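Source file: protein05.pdb; contents: PDB, C-alpha atoms, pLDDT in the B column.
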```
MODEL        1
ATOM      1  CA  MET A  15      21.165  22.343  34.467  1.00 56.00           C
ATOM      2  CA  ASN A  16      20.974  19.595  31.808  1.00 53.00           C
ATOM      3  CA  LYS A  17      18.137  17.843  33.678  1.00 61.00           C
ATOM      4  CA  LEU A  18      16.203  21.110  33.881  1.00 52.00           C
ATOM      5  CA  LEU A  19      16.682  21.752  30.151  1.00 48.00           C
ATOM      6  CA  LEU A  20      15.570  18.210  29.277  1.00 49.00           C
ATOM      7  CA  SER A  21      12.510  18.600  31.521  1.00 54.00           C
ATOM      8  CA  VAL A  22      11.545  21.863  29.818  1.00 47.00           C
ATOM      9  CA  ILE A  23      12.011  20.299  26.367  1.00 53.00           C
ATOM     10  CA  GLY A  24       9.930  17.281  27.410  1.00 55.00           C
ATOM     11  CA  VAL A  25       7.068  19.460  28.679  1.00 52.00           C
ATOM     12  CA  ALA A  26       7.204  21.576  25.523  1.00 54.00           C
ATOM     13  CA  SER A  27       7.058  18.431  23.384  1.00 58.00           C
ATOM     14  CA  ILE A  28       4.019  17.139  25.251  1.00 59.00           C
ATOM     15  CA  SER A  29       2.306  20.515  24.912  1.00 57.00           C
ATOM     16  CA  LEU A  30       2.989  20.677  21.178  1.00 58.00           C
ATOM     17  CA  SER A  31       1.747  17.126  20.699  1.00 62.00           C
ATOM     18  CA  ALA A  32      -1.492  17.877  22.510  1.00 61.00           C
ATOM     19  CA  ALA A  33      -1.995  21.029  20.426  1.00 62.00           C
ATOM     20  CA  ALA A  34      -1.351  19.135  17.189  1.00 60.00           C
ATOM     21  CA  GLN A  35      -3.877  16.454  18.123  1.00 61.00           C
ATOM     22  CA  THR A  36      -6.647  19.000  18.614  1.00 72.00           C
ATOM     23  CA  GLN A  37      -6.022  20.499  15.154  1.00 82.00           C
ATOM     24  CA  ILE A  38      -5.732  17.261  13.166  1.00 86.00           C
ATOM     25  CA  GLN A  39      -8.696  14.916  12.986  1.00 87.00           C
ATOM     26  CA  GLU A  40      -8.657  11.421  11.558  1.00 91.00           C
ATOM     27  CA  VAL A  41     -10.865  10.657   8.572  1.00 92.00           C
ATOM     28  CA  PRO A  42     -11.365   7.357   6.718  1.00 91.00           C
ATOM     29  CA  PHE A  43      -9.127   7.152   3.649  1.00 79.00           C
ATOM     30  CA  THR A  44     -12.233   6.559   1.530  1.00 81.00           C
ATOM     31  CA  GLN A  45     -13.246  10.160   2.266  1.00 87.00           C
ATOM     32  CA  VAL A  46      -9.951  11.554   0.975  1.00 84.00           C
ATOM     33  CA  HIS A  47     -10.041  12.580  -2.682  1.00 83.00           C
ATOM     34  CA  LEU A  48      -7.058  14.025  -4.528  1.00 84.00           C
ATOM     35  CA  ASN A  49      -8.383  16.042  -7.453  1.00 89.00           C
ATOM     36  CA  ASP A  50      -5.389  18.166  -8.299  1.00 92.00           C
ATOM     37  CA  GLY A  51      -3.182  18.403 -11.355  1.00 94.00           C
ATOM     38  CA  PHE A  52      -0.242  16.627  -9.748  1.00 95.00           C
ATOM     39  CA  TRP A  53      -1.621  13.508  -8.016  1.00 91.00           C
ATOM     40  CA  SER A  54      -4.751  12.778 -10.082  1.00 91.00           C
ATOM     41  CA  PRO A  55      -2.899  11.803 -13.282  1.00 93.00           C
ATOM     42  CA  ARG A  56      -0.475   9.609 -11.317  1.00 91.00           C
ATOM     43  CA  ILE A  57      -3.294   7.879  -9.458  1.00 88.00           C
ATOM     44  CA  GLU A  58      -5.093   7.248 -12.756  1.00 90.00           C
ATOM     45  CA  ILE A  59      -1.920   5.750 -14.323  1.00 91.00           C
ATOM     46  CA  ASN A  60      -1.535   3.467 -11.298  1.00 87.00           C
ATOM     47  CA  ARG A  61      -5.188   2.425 -11.497  1.00 87.00           C
ATOM     48  CA  THR A  62      -5.311   1.765 -15.227  1.00 90.00           C
ATOM     49  CA  VAL A  63      -1.740   0.695 -16.083  1.00 91.00           C
ATOM     50  CA  SER A  64       0.587  -0.099 -13.165  1.00 87.00           C
ATOM     51  CA  ILE A  65      -1.711  -2.196 -10.979  1.00 87.00           C
ATOM     52  CA  PRO A  66      -3.123  -4.292 -13.867  1.00 89.00           C
ATOM     53  CA  SER A  67       0.454  -4.840 -15.090  1.00 91.00           C
ATOM     54  CA  VAL A  68       1.623  -6.089 -11.683  1.00 88.00           C
ATOM     55  CA  PHE A  69      -1.512  -8.262 -11.438  1.00 89.00           C
ATOM     56  CA  HIS A  70      -0.748  -9.791 -14.850  1.00 93.00           C
ATOM     57  CA  GLU A  71       2.903 -10.442 -13.948  1.00 91.00           C
ATOM     58  CA  CYS A  72       1.840 -12.133 -10.713  1.00 91.00           C
ATOM     59  CA  GLU A  73      -0.462 -14.425 -12.698  1.00 92.00           C
ATOM     60  CA  VAL A  74       2.113 -15.189 -15.409  1.00 93.00           C
ATOM     61  CA  ASN A  75       4.916 -15.878 -12.948  1.00 91.00           C
ATOM     62  CA  GLY A  76       2.841 -18.077 -10.638  1.00 91.00           C
ATOM     63  CA  ARG A  77       2.905 -15.774  -7.636  1.00 92.00           C
ATOM     64  CA  PHE A  78      -0.799 -16.304  -6.940  1.00 92.00           C
ATOM     65  CA  ASP A  79      -0.425 -20.047  -7.509  1.00 93.00           C
ATOM     66  CA  ASN A  80       2.291 -20.171  -4.845  1.00 92.00           C
ATOM     67  CA  PHE A  81      -0.314 -19.304  -2.223  1.00 92.00           C
ATOM     68  CA  ALA A  82      -2.695 -21.987  -3.502  1.00 94.00           C
ATOM     69  CA  ILE A  83       0.181 -24.509  -3.462  1.00 94.00           C
ATOM     70  CA  ALA A  84       1.134 -23.522   0.098  1.00 92.00           C
ATOM     71  CA  ALA A  85      -2.500 -23.911   1.190  1.00 94.00           C
ATOM     72  CA  GLY A  86      -2.759 -27.325  -0.456  1.00 95.00           C
ATOM     73  CA  LEU A  87      -5.456 -26.163  -2.860  1.00 96.00           C
ATOM     74  CA  ILE A  88      -3.432 -27.152  -5.913  1.00 95.00           C
ATOM     75  CA  LYS A  89      -0.433 -29.400  -6.387  1.00 96.00           C
ATOM     76  CA  GLY A  90       2.895 -28.139  -7.577  1.00 94.00           C
ATOM     77  CA  GLU A  91       6.198 -26.629  -6.576  1.00 92.00           C
ATOM     78  CA  HIS A  92       6.997 -23.072  -5.612  1.00 90.00           C
ATOM     79  CA  LYS A  93       7.496 -20.903  -8.698  1.00 89.00           C
ATOM     80  CA  GLY A  94       9.958 -18.051  -8.856  1.00 87.00           C
ATOM     81  CA  ASP A  95      13.646 -17.456  -8.477  1.00 86.00           C
ATOM     82  CA  PHE A  96      13.494 -15.891  -5.028  1.00 84.00           C
ATOM     83  CA  SER A  97      11.463 -16.570  -1.901  1.00 78.00           C
ATOM     84  CA  PHE A  98      10.554 -12.877  -1.685  1.00 83.00           C
ATOM     85  CA  ASP A  99       8.814 -12.973  -5.088  1.00 82.00           C
ATOM     86  CA  ASP A 100       5.650 -13.837  -3.178  1.00 84.00           C
ATOM     87  CA  THR A 101       5.627 -10.353  -1.647  1.00 87.00           C
ATOM     88  CA  ASP A 102       4.560  -8.812  -4.978  1.00 86.00           C
ATOM     89  CA  PRO A 103       0.845  -9.627  -4.509  1.00 86.00           C
ATOM     90  CA  TYR A 104       0.994  -7.890  -1.128  1.00 82.00           C
ATOM     91  CA  LYS A 105       2.698  -4.837  -2.646  1.00 82.00           C
ATOM     92  CA  MET A 106      -0.109  -4.673  -5.185  1.00 79.00           C
ATOM     93  CA  TYR A 107      -2.880  -5.072  -2.615  1.00 77.00           C
ATOM     94  CA  ALA A 108      -2.617  -1.733  -0.774  1.00 74.00           C
ATOM     95  CA  PRO A 109      -2.616   0.540  -3.827  1.00 72.00           C
ATOM     96  CA  GLU A 110      -5.277  -1.623  -5.468  1.00 70.00           C
ATOM     97  CA  ARG A 111      -7.545  -1.131  -2.455  1.00 70.00           C
ATOM     98  CA  MET A 112      -7.034   2.647  -2.593  1.00 67.00           C
ATOM     99  CA  VAL A 113      -7.601   3.265  -6.297  1.00 69.00           C
ATOM    100  CA  GLY A 114      -9.477   0.174  -7.485  1.00 64.00           C
ATOM    101  CA  ASN A 115      -8.505  -2.349 -10.105  1.00 55.00           C
ATOM    102  CA  PRO A 116     -10.402  -2.485 -13.388  1.00 51.00           C
ATOM    103  CA  GLN A 117      -9.499  -6.185 -13.776  1.00 52.00           C
ATOM    104  CA  MET A 118     -11.272  -6.981 -10.529  1.00 51.00           C
ATOM    105  CA  GLY A 119     -14.337  -4.866 -11.375  1.00 49.00           C
ATOM    106  CA  GLU A 120     -13.620  -2.240  -8.719  1.00 48.00           C
ATOM    107  CA  ASP A 121     -13.485   1.117 -10.491  1.00 46.00           C
TER     108      ASP A 121
ENDMDL
END
```
Could you rewrite the structure in this file as structure tokens?
Amino acid sequence: MNKLLLSVIGVASISLSAAAQTQIQEVPFTQVHLNDGFWSPRIEINRTVSIPSVFHECEVNGRFDNFAIAAGLIKGEHKGDFSFDDTDPYKMYAPERMVGNPQMGED
């Protein structure tokens, strides 16, 4: 009885997945535009305030320099209190690519 029930659930799951795939189509994220009253102001704050602030902090605290030091491009010692401080440039990269960064000339 349990095997039969699991088989029926499995078939139903596969059928639902196939139906969902025919209704949802992938589009490049560059074709997605959020122009509503909820997300637009938040995206604009991220683009004009949050991302430039994180970029500035990464510069001031040597997080970009740490990569140049690791690559042997400049001499020096790792800067920062924690080894995971170097993840901040990566955390900035994804949102910066989605909304642009005025400091980098990508509006």
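When atom CA of Asp102 of chain A is paired with atom CA of Arg77 of chain A, their separation reads 7.6 Å.
The closest residue to Ile83 of chain A, picked from A:Asp50, A:Glu58, A:Asp100, A:Glu110 and counting all atoms listed in the file, is A:Asp100.
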What is the distance between atom CA of Phe78 of chain A and atom CA of Arg56 of chain A, in Å to one decimal?
->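 Computed distance, atom CA of Phe78 of chain A to atom CA of Arg56 of chain A, equals 26.3 Å.
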Just give me the gap between atom CA of Leu87 of chain A and atom CA of Pro109 of chain A in Å, one decimal is fine.
-> 26.9 Å
Residues returned when the PyMOL selection byres ((chain A and resi 81) around 12) runs on this file, as an MDAnalysis selection string | chainID A and resid 72:73 76:80 82:93 99:104
Could you save those same residues with C-alpha atoms as a short mmCIF file (atom, residue, chain, number, x, y, z; two decimals), in the frame of the given file?
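Final output, selection_38.cif:
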```cif
data_model
loop_
_atom_site.label_atom_id
_atom_site.label_comp_id
_atom_site.auth_asym_id
_atom_site.auth_seq_id
_atom_site.Cartn_x
_atom_site.Cartn_y
_atom_site.Cartn_z
CA CYS A 72 1.84 -12.13 -10.71
CA GLU A 73 -0.46 -14.42 -12.70
CA GLY A 76 2.84 -18.08 -10.64
CA ARG A 77 2.90 -15.77 -7.64
CA PHE A 78 -0.80 -16.30 -6.94
CA ASP A 79 -0.42 -20.05 -7.51
CA ASN A 80 2.29 -20.17 -4.84
CA ALA A 82 -2.70 -21.99 -3.50
CA ILE A 83 0.18 -24.51 -3.46
CA ALA A 84 1.13 -23.52 0.10
CA ALA A 85 -2.50 -23.91 1.19
CA GLY A 86 -2.76 -27.32 -0.46
CA LEU A 87 -5.46 -26.16 -2.86
CA ILE A 88 -3.43 -27.15 -5.91
CA LYS A 89 -0.43 -29.40 -6.39
CA GLY A 90 2.90 -28.14 -7.58
CA GLU A 91 6.20 -26.63 -6.58
CA HIS A 92 7.00 -23.07 -5.61
CA LYS A 93 7.50 -20.90 -8.70
CA ASP A 99 8.81 -12.97 -5.09
CA ASP A 100 5.65 -13.84 -3.18
CA THR A 101 5.63 -10.35 -1.65
CA ASP A 102 4.56 -8.81 -4.98
CA PRO A 103 0.84 -9.63 -4.51
CA TYR A 104 0.99 -7.89 -1.13
#
```
Could you work out an axis-aligned box for segment 73-80 of chain A, taking every atom the file lists and adding 5 Å on each side, and report centre and edge lengths in Å to one decimal, as lines of an AutoDock Vina configuration file?
```
center_x = 2.1
center_y = -17.3
center_z = -10.1
size_x = 15.7
size_y = 15.7
size_z = 20.6
```
